[in-house]
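Reproduced below: structure02.txt, with compact mmCIF, C-alpha atoms.
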```txt
# COMPACT_ATOMS: atom_id res chain seq x y z
CA MET N 198 -8.09 -20.74 -21.39
CA VAL N 199 -8.70 -19.13 -17.99
CA SER N 200 -11.61 -20.61 -16.03
CA ASP N 201 -14.63 -18.39 -15.37
CA SER N 202 -14.53 -19.41 -11.71
CA GLY N 203 -10.82 -19.94 -11.05
CA SER N 204 -8.38 -17.89 -9.01
CA LEU N 205 -6.92 -16.38 -12.23
CA ARG N 206 -10.20 -15.46 -13.91
CA ALA N 207 -9.42 -11.72 -14.12
CA PHE N 208 -6.85 -12.62 -16.81
CA ARG N 209 -9.76 -13.27 -19.18
CA HIS N 210 -9.82 -9.52 -19.76
CA ARG N 211 -7.30 -8.09 -22.27
CA ASN N 212 -7.09 -4.72 -20.54
CA PHE N 213 -6.30 -6.42 -17.24
CA ARG N 214 -3.51 -8.47 -18.81
CA ILE N 215 -1.92 -5.33 -20.26
CA PHE N 216 -2.18 -3.35 -17.01
CA PHE N 217 -0.97 -6.29 -14.93
CA ALA N 218 2.16 -6.68 -17.07
CA ALA N 219 2.92 -2.94 -16.93
CA ASN N 220 2.46 -2.82 -13.18
CA SER N 221 4.77 -5.80 -12.67
CA ILE N 222 7.65 -3.60 -13.86
CA SER N 223 6.42 -0.51 -12.03
CA ASN N 224 6.09 -2.37 -8.74
CA ILE N 225 9.75 -3.40 -8.83
CA GLY N 226 10.68 0.26 -9.28
CA THR N 227 8.37 1.36 -6.48
CA TRP N 228 9.94 -1.01 -3.97
CA ALA N 229 13.44 -0.17 -5.15
CA GLN N 230 12.78 3.52 -4.47
CA ARG N 231 11.26 2.86 -1.04
CA VAL N 232 14.41 1.07 0.11
CA ALA N 233 16.69 3.67 -1.46
CA GLN N 234 14.78 6.58 0.06
CA ASP N 235 14.98 5.11 3.56
CA TRP N 236 18.67 4.34 3.16
CA LEU N 237 19.37 7.82 1.80
CA VAL N 238 17.72 9.41 4.85
CA LEU N 239 19.76 7.20 7.19
CA GLN N 240 22.93 8.17 5.31
CA LEU N 241 22.12 11.86 5.60
CA THR N 242 20.91 11.91 9.21
CA HIS N 243 21.56 8.56 11.00
CA SER N 244 18.23 9.21 12.73
CA GLY N 245 15.15 7.03 13.17
CA ARG N 246 13.16 10.19 13.87
CA ASP N 247 14.00 11.67 10.45
CA LEU N 248 13.27 8.35 8.78
CA GLY N 249 9.80 8.39 10.34
CA LEU N 250 9.33 12.03 9.34
CA VAL N 251 10.09 11.52 5.64
CA THR N 252 7.77 8.50 5.55
CA GLY N 253 5.08 10.61 7.21
CA LEU N 254 5.54 13.40 4.68
CA GLN N 255 5.13 10.99 1.78
CA PHE N 256 1.74 9.89 3.09
CA LEU N 257 0.58 13.28 4.40
CA PRO N 258 -1.15 14.24 1.12
CA SER N 259 -3.46 11.25 1.56
CA LEU N 260 -5.23 13.18 4.31
CA ALA N 261 -6.01 16.11 2.05
CA LEU N 262 -6.20 14.60 -1.43
CA SER N 263 -7.58 11.05 -1.27
CA LEU N 264 -11.18 12.22 -1.02
CA TYR N 265 -10.57 14.72 -3.81
CA GLY N 266 -9.02 11.96 -5.92
CA GLY N 267 -12.11 9.84 -5.34
CA SER N 268 -14.32 12.71 -6.44
CA LEU N 269 -12.25 13.10 -9.61
CA ALA N 270 -12.64 9.36 -10.26
CA ASP N 271 -16.44 9.74 -10.26
CA ARG N 272 -16.32 12.87 -12.45
CA PHE N 273 -13.72 12.19 -15.16
CA ASN N 274 -12.24 9.49 -17.37
CA LYS N 275 -10.18 7.32 -15.01
CA ARG N 276 -7.67 6.13 -17.62
CA LYS N 277 -6.74 9.70 -18.53
CA LEU N 278 -6.43 10.68 -14.88
CA LEU N 279 -4.02 7.78 -14.31
CA LEU N 280 -1.90 8.93 -17.23
CA LEU N 281 -1.44 12.31 -15.54
CA THR N 282 -0.61 10.90 -12.10
CA ASN N 283 1.96 8.47 -13.50
CA ILE N 284 3.69 11.18 -15.52
CA GLY N 285 3.92 13.28 -12.36
CA GLY N 286 5.24 10.41 -10.25
CA GLY N 287 7.87 9.52 -12.83
CA LEU N 288 9.17 13.08 -13.02
CA THR N 289 9.42 13.25 -9.22
CA SER N 290 11.59 10.11 -9.08
CA LEU N 291 13.71 11.37 -11.96
CA ILE N 292 14.46 14.65 -10.17
CA LEU N 293 15.47 12.92 -6.93
CA GLY N 294 17.68 10.44 -8.79
CA THR N 295 19.39 13.27 -10.66
CA LEU N 296 20.08 15.15 -7.43
CA VAL N 297 21.60 12.06 -5.82
CA ILE N 298 23.79 11.09 -8.78
CA SER N 299 25.04 14.67 -9.15
CA HIS N 300 25.90 14.74 -5.39
CA ASN N 301 23.66 17.76 -4.84
CA VAL N 302 20.96 16.12 -2.73
CA GLN N 303 20.08 17.61 0.65
CA LEU N 304 17.63 16.42 3.26
CA TRP N 305 15.08 19.09 2.39
CA HIS N 306 15.09 17.84 -1.22
CA VAL N 307 14.11 14.38 0.03
CA TYR N 308 11.35 15.86 2.19
CA LEU N 309 9.93 17.98 -0.64
CA LEU N 310 10.06 15.25 -3.27
CA ALA N 311 8.60 12.66 -0.89
CA LEU N 312 5.71 15.07 -0.31
CA SER N 313 5.32 15.59 -4.09
CA LEU N 314 5.35 11.85 -4.80
CA GLY N 315 2.77 11.41 -2.05
CA ALA N 316 0.53 14.03 -3.68
CA PHE N 317 0.50 12.22 -7.02
CA GLY N 318 -0.01 8.92 -5.22
CA ALA N 319 -2.92 10.30 -3.18
CA ILE N 320 -4.78 11.21 -6.38
CA ASP N 321 -3.72 8.03 -8.18
CA ALA N 322 -4.79 5.52 -5.53
CA PRO N 323 -8.59 6.05 -5.40
CA VAL N 324 -8.75 6.47 -9.19
CA ARG N 325 -6.80 3.23 -9.67
CA GLN N 326 -8.98 1.36 -7.17
CA ALA N 327 -12.20 2.52 -8.83
CA PHE N 328 -10.69 1.71 -12.25
CA ASN N 329 -10.39 -1.98 -11.26
CA SER N 330 -14.11 -2.54 -11.70
CA GLU N 331 -14.01 -0.91 -15.14
CA ILE N 332 -11.15 -3.12 -16.29
CA VAL N 333 -12.71 -6.47 -15.32
CA GLY N 334 -16.33 -5.80 -14.32
CA LYS N 335 -17.94 -6.17 -10.91
CA SER N 336 -18.04 -9.98 -10.95
CA ASP N 337 -14.25 -10.26 -11.23
CA VAL N 338 -13.14 -7.19 -9.26
CA ALA N 339 -12.41 -9.07 -6.02
CA ASN N 340 -10.22 -11.51 -7.94
CA ALA N 341 -8.47 -8.63 -9.72
CA ILE N 342 -7.68 -6.94 -6.38
CA SER N 343 -6.07 -10.15 -5.10
CA LEU N 344 -4.03 -10.62 -8.27
CA ASN N 345 -2.93 -6.98 -8.25
CA SER N 346 -1.80 -7.40 -4.66
CA ALA N 347 0.10 -10.54 -5.64
CA ASN N 348 1.71 -8.53 -8.43
CA PHE N 349 2.63 -5.72 -6.02
CA ASN N 350 4.25 -8.18 -3.64
CA ALA N 351 6.01 -10.07 -6.41
CA GLY N 352 7.68 -6.71 -7.09
CA ARG N 353 8.50 -6.62 -3.41
CA LEU N 354 10.39 -9.90 -3.82
CA VAL N 355 12.65 -8.34 -6.45
CA GLY N 356 12.70 -4.59 -5.78
CA PRO N 357 14.16 -4.35 -2.24
CA GLY N 358 16.88 -6.95 -2.88
CA LEU N 359 17.79 -5.36 -6.21
CA SER N 360 17.86 -1.93 -4.59
CA GLY N 361 20.05 -3.21 -1.77
CA LEU N 362 22.59 -4.50 -4.30
CA LEU N 363 22.47 -1.26 -6.33
CA ILE N 364 23.03 0.77 -3.16
CA ALA N 365 25.96 -1.41 -2.14
CA TRP N 366 27.55 -1.10 -5.59
CA PHE N 367 26.65 2.40 -6.80
CA GLY N 368 24.76 4.27 -4.05
CA THR N 369 21.08 5.17 -3.93
CA GLY N 370 20.83 7.16 -7.20
CA PRO N 371 20.26 4.26 -9.65
CA SER N 372 17.29 2.97 -7.62
CA PHE N 373 15.48 6.28 -8.11
CA MET N 374 16.28 6.22 -11.83
CA LEU N 375 14.96 2.66 -12.05
CA ASN N 376 11.66 3.76 -10.55
CA ALA N 377 11.42 6.76 -12.88
CA ALA N 378 11.88 4.47 -15.91
CA SER N 379 9.30 1.99 -14.60
CA TYR N 380 6.53 4.60 -14.85
CA LEU N 381 6.96 4.52 -18.63
CA PHE N 382 5.61 0.95 -18.71
CA VAL N 383 2.41 1.98 -16.90
CA ILE N 384 1.93 4.95 -19.21
CA ALA N 385 2.39 2.68 -22.25
CA GLY N 386 -0.04 0.13 -20.80
CA LEU N 387 -2.72 2.75 -20.26
CA LEU N 388 -2.31 3.98 -23.84
CA MET N 389 -2.62 0.40 -25.18
CA MET N 390 -5.94 -0.28 -23.42
CA LYS N 391 -9.12 -0.45 -25.49
CA GLU N 392 -11.73 1.99 -24.20
CA ASN N 393 -14.55 -0.08 -25.72
CA ASP N 394 -13.58 -3.10 -23.60
CA LEU N 395 -14.00 -1.25 -20.31
CA HIS N 396 -16.96 -2.23 -18.09
CA ILE N 397 -18.39 1.19 -17.28
CA GLU N 398 -21.48 0.82 -15.07
CA VAL N 399 -22.00 4.55 -14.51
CA GLU N 400 -20.86 7.34 -16.82
CA PRO N 401 -18.73 10.16 -15.31
CA GLN N 402 -20.89 12.53 -13.32
CA SER N 403 -20.97 16.30 -13.70
CA LYS N 404 -21.14 16.61 -9.91
CA ALA N 405 -19.70 14.21 -7.36
CA ALA N 406 -19.98 15.89 -3.98
CA ILE N 407 -17.84 14.50 -1.19
CA ARG N 408 -20.58 15.22 1.38
CA ASP N 409 -22.84 12.73 -0.43
CA ALA N 410 -20.24 10.01 0.09
CA LEU N 411 -20.02 10.88 3.80
CA LYS N 412 -23.80 10.62 4.12
CA TYR N 413 -23.70 7.27 2.34
CA ILE N 414 -21.00 5.92 4.67
CA LYS N 415 -23.06 6.89 7.74
CA THR N 416 -25.71 4.41 6.61
CA ARG N 417 -23.17 1.58 6.22
CA ARG N 418 -22.11 0.36 9.67
CA ASP N 419 -20.33 -2.59 8.10
CA ILE N 420 -18.04 -0.31 6.07
CA ILE N 421 -17.42 1.88 9.12
CA ALA N 422 -16.34 -1.23 11.06
CA VAL N 423 -13.93 -2.22 8.31
CA MET N 424 -12.47 1.28 7.99
CA VAL N 425 -11.83 1.61 11.74
CA THR N 426 -9.97 -1.72 11.71
CA VAL N 427 -7.97 -0.71 8.64
CA PHE N 428 -7.01 2.64 10.19
CA PHE N 429 -5.31 1.10 13.22
CA THR N 430 -3.83 -1.78 11.24
CA ALA N 431 -2.24 0.56 8.70
CA THR N 432 -1.24 3.36 11.09
CA PHE N 433 0.54 1.14 13.60
CA GLY N 434 1.06 -2.26 11.98
CA LEU N 435 2.21 -1.40 8.46
CA ASN N 436 5.50 0.32 9.24
CA PHE N 437 7.80 -2.40 7.96
CA GLN N 438 10.06 0.11 6.20
CA ILE N 439 10.94 1.59 9.57
CA PHE N 440 10.82 -1.70 11.50
CA ASN N 441 13.20 -3.40 9.08
CA ALA N 442 15.57 -0.45 8.66
CA LEU N 443 16.05 0.07 12.40
CA MET N 444 16.07 -3.60 13.38
CA ALA N 445 18.64 -4.38 10.66
CA THR N 446 20.95 -1.47 11.48
CA THR N 447 20.61 -0.76 15.20
CA VAL N 448 19.75 -4.21 16.60
CA PHE N 449 21.42 -6.68 14.26
CA ASN N 450 24.23 -4.40 12.93
CA LYS N 451 23.60 -5.26 9.27
CA GLY N 452 24.22 -3.27 6.08
CA ALA N 453 22.23 -2.17 3.02
CA ALA N 454 22.08 -5.57 1.31
CA SER N 455 20.74 -7.30 4.45
CA TYR N 456 18.20 -4.54 4.97
CA GLY N 457 17.00 -4.80 1.36
CA GLY N 458 16.81 -8.56 1.74
CA LEU N 459 14.32 -8.20 4.59
CA GLY N 460 11.92 -6.45 2.23
CA SER N 461 12.12 -9.37 -0.20
CA ILE N 462 11.69 -11.90 2.63
CA LEU N 463 8.62 -10.04 3.88
CA ALA N 464 7.21 -10.18 0.37
CA ILE N 465 7.25 -13.99 0.40
CA GLY N 466 4.55 -13.96 3.05
CA SER N 467 2.72 -11.02 1.47
CA LEU N 468 2.64 -12.80 -1.87
CA ALA N 469 1.35 -15.95 -0.18
CA GLY N 470 -1.40 -13.90 1.48
CA ALA N 471 -2.38 -12.33 -1.85
CA LEU N 472 -2.53 -15.71 -3.61
CA LEU N 473 -4.53 -17.20 -0.73
CA SER N 474 -6.94 -14.26 -0.97
CA ALA N 475 -7.52 -14.99 -4.66
CA LYS N 476 -8.99 -18.33 -3.59
CA LEU N 477 -11.01 -16.88 -0.69
CA ASP N 478 -12.57 -13.89 -2.45
CA LYS N 479 -16.10 -15.14 -1.71
CA ARG N 480 -15.52 -15.34 2.07
CA ARG N 481 -14.59 -11.75 2.86
CA SER N 482 -16.63 -10.08 5.61
CA PRO N 483 -16.12 -7.67 8.56
CA ARG N 484 -15.73 -10.66 10.89
CA PHE N 485 -13.06 -12.21 8.64
CA ILE N 486 -11.22 -8.87 8.39
CA MET N 487 -11.15 -8.20 12.14
CA PHE N 488 -10.00 -11.72 12.98
CA PHE N 489 -7.01 -11.49 10.64
CA ALA N 490 -6.17 -7.95 11.83
CA ALA N 491 -5.92 -9.23 15.42
CA ALA N 492 -3.79 -12.17 14.28
CA PHE N 493 -1.49 -9.80 12.36
CA GLY N 494 -0.96 -7.54 15.38
CA SER N 495 -0.19 -10.57 17.54
CA SER N 496 2.43 -11.73 15.04
CA GLU N 497 4.20 -8.35 15.31
CA ILE N 498 4.38 -8.65 19.09
CA VAL N 499 6.11 -12.01 18.60
CA LEU N 500 8.37 -10.47 15.92
CA SER N 501 9.58 -7.79 18.34
CA SER N 502 11.26 -10.43 20.52
CA ALA N 503 13.20 -12.15 17.69
CA PRO N 504 16.66 -12.87 19.16
CA SER N 505 18.63 -12.78 15.90
CA TYR N 506 18.52 -11.53 12.31
CA ALA N 507 17.77 -15.08 11.11
CA ASN N 508 14.84 -15.48 13.51
CA TYR N 509 13.50 -12.07 12.55
CA ALA N 510 13.72 -12.99 8.85
CA LEU N 511 11.92 -16.29 9.43
CA LEU N 512 9.01 -14.58 11.23
CA LEU N 513 8.57 -11.77 8.68
CA PRO N 514 6.69 -13.85 6.07
CA VAL N 515 4.04 -14.79 8.64
CA CYS N 516 3.46 -11.10 9.37
CA GLY N 517 3.29 -10.33 5.66
CA MET N 518 0.76 -13.08 4.95
CA LEU N 519 -1.57 -12.00 7.77
CA ALA N 520 -1.31 -8.31 6.85
CA LEU N 521 -2.10 -8.83 3.17
CA THR N 522 -4.97 -11.22 3.86
CA THR N 523 -6.50 -8.55 6.12
CA LEU N 524 -6.05 -5.63 3.75
CA ILE N 525 -7.07 -7.39 0.53
CA ALA N 526 -10.26 -8.57 2.23
CA ALA N 527 -11.00 -5.04 3.48
CA ASN N 528 -10.32 -3.39 0.11
CA SER N 529 -12.41 -5.81 -1.93
CA TYR N 530 -15.27 -5.84 0.61
CA VAL N 531 -15.59 -2.05 0.42
CA GLN N 532 -15.35 -1.98 -3.39
CA THR N 533 -17.78 -4.79 -4.10
CA THR N 534 -20.46 -3.67 -1.63
CA THR N 535 -20.44 0.04 -2.53
CA ASP N 536 -22.94 1.47 -5.03
CA PRO N 537 -21.20 2.13 -8.41
CA GLU N 538 -22.01 5.85 -8.49
CA MET N 539 -20.33 6.27 -5.09
CA ARG N 540 -17.38 3.92 -5.59
CA GLY N 541 -14.70 6.52 -6.41
CA ARG N 542 -15.51 8.75 -3.45
CA VAL N 543 -15.94 5.86 -1.01
CA MET N 544 -12.59 4.42 -2.10
CA GLY N 545 -11.10 7.88 -1.65
CA LEU N 546 -12.38 7.90 1.92
CA TYR N 547 -11.15 4.33 2.45
CA LEU N 548 -7.66 5.25 1.24
CA MET N 549 -7.64 8.41 3.35
CA VAL N 550 -8.31 6.16 6.35
CA PHE N 551 -5.80 3.56 5.16
CA LEU N 552 -2.95 5.98 4.44
CA GLY N 553 -3.95 9.05 6.41
CA GLY N 554 -2.69 7.80 9.77
CA THR N 555 0.84 7.23 8.45
CA PRO N 556 1.91 10.91 8.75
CA PHE N 557 1.27 10.54 12.49
CA GLY N 558 2.10 6.89 13.02
CA SER N 559 5.50 6.90 11.29
CA PRO N 560 6.94 9.93 13.15
CA LEU N 561 5.52 8.51 16.40
CA LEU N 562 7.23 5.19 15.72
CA GLY N 563 10.49 6.98 14.85
CA TRP N 564 10.30 8.98 18.08
CA LEU N 565 9.40 5.93 20.17
CA SER N 566 12.32 3.99 18.71
CA THR N 567 14.72 6.65 19.98
CA GLN N 568 13.05 6.85 23.40
CA ILE N 569 12.32 3.24 24.32
CA GLY N 570 14.03 1.19 21.59
CA ILE N 571 12.82 -0.30 18.32
CA ARG N 572 11.87 -3.67 19.86
CA GLU N 573 9.55 -2.02 22.36
CA ALA N 574 8.15 0.31 19.69
CA LEU N 575 7.40 -2.66 17.42
CA ALA N 576 5.57 -4.46 20.25
CA PHE N 577 3.60 -1.26 20.96
CA CYS N 578 2.49 -1.09 17.32
CA GLY N 579 1.41 -4.72 17.37
CA LEU N 580 -0.63 -4.14 20.51
CA PHE N 581 -2.38 -1.11 18.98
CA THR N 582 -3.33 -3.28 16.03
CA VAL N 583 -4.77 -6.11 18.13
CA ILE N 584 -6.84 -4.08 20.61
CA PRO N 585 -8.91 -2.03 18.09
CA ALA N 586 -9.60 -5.16 16.01
CA LEU N 587 -10.95 -7.02 19.04
CA LEU N 588 -12.95 -4.01 20.25
CA GLY N 589 -14.29 -3.46 16.75
CA TYR N 590 -15.36 -7.08 16.52
CA TRP N 591 -17.29 -6.79 19.78
CA ARG N 592 -18.76 -3.33 19.08
CA PHE N 593 -19.72 -3.63 15.41
CA VAL N 594 -20.14 -7.33 14.74
CA LYS N 595 -21.56 -8.69 17.98
CA LYS N 596 -24.02 -5.80 18.26
CA ASN N 597 -25.00 -6.12 14.59
CA PRO N 598 -25.84 -9.81 14.11
CA ARG N 599 -26.91 -9.21 10.49
CA VAL N 600 -23.30 -8.29 9.65
CA LYS N 601 -21.54 -11.55 8.85
```
Any chance you could give the structure as structure tokens?
Amino acid sequence: MVSDSGSLRAFRHRNFRIFFAANSISNIGTWAQRVAQDWLVLQLTHSGRDLGLVTGLQFLPSLALSLYGGSLADRFNKRKLLLLTNIGGGLTSLILGTLVISHNVQLWHVYLLALSLGAFGAIDAPVRQAFNSEIVGKSDVANAISLNSANFNAGRLVGPGLSGLLIAWFGTGPSFMLNAASYLFVIAGLLMMKENDLHIEVEPQSKAAIRDALKYIKTRRDIIAVMVTVFFTATFGLNFQIFNALMATTVFNKGAASYGGLGSILAIGSLAGALLSAKLDKRRSPRFIMFFAAAFGSSEIVLSSAPSYANYALLLPVCGMLALTTLIAANSYVQTTTDPEMRGRVMGLYLMVFLGGTPFGSPLLGWLSTQIGIREALAFCGLFTVIPALLGYWRFVKKNPRVK
């Protein structure tokens, strides 16, 4: 029996157990595709700039659609919306895998399908975040976020390494097919959920204006502080796909398997951060979030000077742990302190901030890596994670003593 106060208490809920199991398969597919997509771009172009561009395109829809997705979450049945987004994402992966296996893939196909996958993801993310509280209820939502993050990073332990092996043996095509198949598990999980067991605090609203969410956010200086920190952390700090690809290939002269292995190594630290967060879900605050963001940026500056592949691999888990501790705390703080009738739209805004900088940050990083080198670009990104976190701490926390 799962304790009512333990770090696994979200598993008391049947719907959470079903969705957790389905996502454990889907997360492996997601990470397998991320590695394969990056490797495919490098095969087609041998360019860090193009690698940054395709990553930017995948996250570009977050700027335009995250807020809209949040509005949909407040207006319609979230489970049915997730069914639609997962069907769309699965079809996108299937098309790209078919093009690769049939030897018909071109760079513009990768760009277009990355943009399409990003569009489905931009709608899916705020709906999925708001759905957490319906699956487990408000009292367990912070714990559910931590466990979901642990699940996501457990997939990261398996997916990149598996994809690296598949690429070495068969090319990138099977990794895309693996991801397409993994969406079927999420769709099945959603269909198996019991609607009567959901914890619905507020019924879907006929109107859910985005401007109301913006007005609400203006009154919440604590959430603004968290979102500013998250923006710089995600835009500059969370570019490990590019960091690892270019460090592995251009600095350490490694191949696909070694590159995929870095993703799994990073996940060790990320998983540790997620599990740690499950135990600290009562201590999350703007001060906590900014401190860990500054520590994460500092760890990337150290990472940029790693003299060898082995040293780089040893430092990666530390970066992953600090990053996940920061982001899980930020996500759960925003969700648990937002009024239920605003939660979908506020999470849409949060995810727009979280993902919206990537279309600019990733191409900038790709360009910087070609101009000044990947080591210097990595140090630059770490610095631009540290400085905003420290300034945010001084500006928002020190000048607002009521904010803990």
Dump as JSON lines the rows for residues of stretch 269-358 of chain N within 9 Å of stretch 457-462 of chain N: closest atom pair and distance in Å with one decimal, all atoms listed in the file counted, ordered by chain and rising residue number.
```
{"residue": "N:Asn350", "atom": "CA", "partner": "N:Ser461", "partner_atom": "CA", "distance": 8.7}
{"residue": "N:Ala351", "atom": "CA", "partner": "N:Ser461", "partner_atom": "CA", "distance": 8.7}
{"residue": "N:Gly352", "atom": "CA", "partner": "N:Ser461", "partner_atom": "CA", "distance": 8.6}
{"residue": "N:Arg353", "atom": "CA", "partner": "N:Ser461", "partner_atom": "CA", "distance": 5.6}
{"residue": "N:Leu354", "atom": "CA", "partner": "N:Ser461", "partner_atom": "CA", "distance": 4.0}
{"residue": "N:Val355", "atom": "CA", "partner": "N:Ser461", "partner_atom": "CA", "distance": 6.4}
{"residue": "N:Gly356", "atom": "CA", "partner": "N:Ser461", "partner_atom": "CA", "distance": 7.4}
{"residue": "N:Pro357", "atom": "CA", "partner": "N:Gly457", "partner_atom": "CA", "distance": 4.6}
{"residue": "N:Gly358", "atom": "CA", "partner": "N:Gly457", "partner_atom": "CA", "distance": 4.8}
```
Those selected residues, please, written with C-alpha atoms and delivered as a PDB file, in the coordinates of the input.
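The new file again26.pdb reads:
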```pdb
ATOM      1  CA  ASN N 350       4.250  -8.180  -3.640  1.00  0.00           C
ATOM      2  CA  ALA N 351       6.010 -10.070  -6.410  1.00  0.00           C
ATOM      3  CA  GLY N 352       7.680  -6.710  -7.090  1.00  0.00           C
ATOM      4  CA  ARG N 353       8.500  -6.620  -3.410  1.00  0.00           C
ATOM      5  CA  LEU N 354      10.390  -9.900  -3.820  1.00  0.00           C
ATOM      6  CA  VAL N 355      12.650  -8.340  -6.450  1.00  0.00           C
ATOM      7  CA  GLY N 356      12.700  -4.590  -5.780  1.00  0.00           C
ATOM      8  CA  PRO N 357      14.160  -4.350  -2.240  1.00  0.00           C
ATOM      9  CA  GLY N 358      16.880  -6.950  -2.880  1.00  0.00           C
TER      10      GLY N 358
END
```
- request: Compile the contact shell of N:Ser566 as JSON, numbers by chain: residues with an atom at most 8 Å away, counting only C-alpha atoms, same-chain residues fewer than 6 positions apart removed.
  value: {"N": [245, 246, 572, 573, 574]}
Restrict the selected residues to C-alpha atoms and save them as a CSV table (one decimal), keeping the file's coordinate frame.
```csv
chain,number,residue,atom,x,y,z
N,245,GLY,CA,15.2,7.0,13.2
N,246,ARG,CA,13.2,10.2,13.9
N,572,ARG,CA,11.9,-3.7,19.9
N,573,GLU,CA,9.6,-2.0,22.4
N,574,ALA,CA,8.2,0.3,19.7
```
message: When you look at N:Ala469 with a cut-off of 12 Å (counting all atoms listed in the file), what residues show up, excluding the ones that are within fewer than 2 positions of it in the same chain? I need them as a PyMOL selection string.
response: chain N and resi 343-344+346-351+354+462-467+471-476+514-522
- line: N:Ala576 proximity check over N:Ile525, N:Phe433, N:Pro504, N:Val531, using all atoms listed in the file: winner is N:Phe433
message: Taking 6 positions as the minimum chain separation for residues in the same chain, which residues sit within 8 Å of stretch 528-530 of chain N when counting all atoms listed in the file? Answer as a ChimeraX atom specification.
response: /N:338-339,342,481-482
message: Need to verify the contact set: N:Ala218, 12 Å, all atoms listed in the file, exclusion of same-chain residues closer than 4 positions in sequence. Can you return it as a list of chain:residue names?
response: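 Contacts, in chain order: N:Phe208, N:Arg211, N:Asn212, N:Phe213, N:Arg214, N:Ile222, N:Ser223, N:Asn224, N:Ile225, N:Leu344, N:Asn345, N:Asn348, N:Phe349, N:Ala351, N:Gly352, N:Ser379, N:Phe382, N:Val383, N:Ile384, N:Ala385, N:Gly386, N:Leu387, N:Met389.
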query: Closest to N:Leu524 among N:Ala490, N:Val333, N:Leu381, N:Ile397, using all atoms listed in the file?
result: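 Using all atoms listed in the file, N:Leu524 sits closest to N:Ala490.
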message: As an exercise, work out the distance from atom CA of N:Leu388 to atom CA of N:Gly294 in Å and give it to one decimal place.
response: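 Interatomic distance here is 25.8 Å.
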field: Residue contacts of N:Tyr547 (7 Å, only C-alpha atoms) excluding same-chain residues fewer than 4 positions away, as a list in words
entry: Met424, Val543 and Phe551 of chain N
- request: Find, counting all atoms listed in the file, the residue in N:Val448, N:Ile292, N:Ile320, N:Ala453 that gets nearest to N:Phe367.
  value: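 Closest to N:Phe367, using all atoms listed in the file: N:Ala453.
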query: Between atom CA of N:Ala406 and atom CA of N:Phe273, what is the distance, to one decimal in Å?
result: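 We find that atom CA of N:Ala406 and atom CA of N:Phe273 lie 13.3 Å from each other.
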May I have the protein, DNA and RNA residues with an atom at most 6 Å from (2.6, -6.3, 16.9), counting all atoms listed in the file in the file's coordinates, returned as a PDB file with C-alpha atoms, in the frame of the given file?
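The resulting file, part15.pdb, is shown below:
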```
ATOM      1  CA  GLY N 494      -0.960  -7.540  15.380  1.00  0.00           C
ATOM      2  CA  SER N 495      -0.190 -10.570  17.540  1.00  0.00           C
ATOM      3  CA  SER N 496       2.430 -11.730  15.040  1.00  0.00           C
ATOM      4  CA  GLU N 497       4.200  -8.350  15.310  1.00  0.00           C
ATOM      5  CA  ILE N 498       4.380  -8.650  19.090  1.00  0.00           C
ATOM      6  CA  ALA N 576       5.570  -4.460  20.250  1.00  0.00           C
ATOM      7  CA  CYS N 578       2.490  -1.090  17.320  1.00  0.00           C
ATOM      8  CA  GLY N 579       1.410  -4.720  17.370  1.00  0.00           C
ATOM      9  CA  LEU N 580      -0.630  -4.140  20.510  1.00  0.00           C
TER      10      LEU N 580
END
```
task: Would you mind telling me which residue in N:Ala316, N:Asn301, N:Gln234, N:Val550 lies nearest to N:Met374 when using all atoms listed in the file?
output: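 Of the candidates, the smallest distance to N:Met374 is held by N:Gln234.
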task: Could you check how far atom CA of N:Ala507 sits from atom CA of N:Ser372, in Å to one decimal?
output: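 Those two atoms sit 26.0 Å apart.
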query: Nearest to N:Ala233: which of N:Leu435, N:Leu359, N:Met444, N:Val427 is it, counting all atoms listed in the file?
result: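 Distance minimum relative to N:Ala233 lands on N:Leu359.
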field: Nearest-residue call for N:Gly558, choices N:Ser299, N:Ser501, N:Thr430, N:Ser313, using all atoms listed in the file
entry: N:Thr430
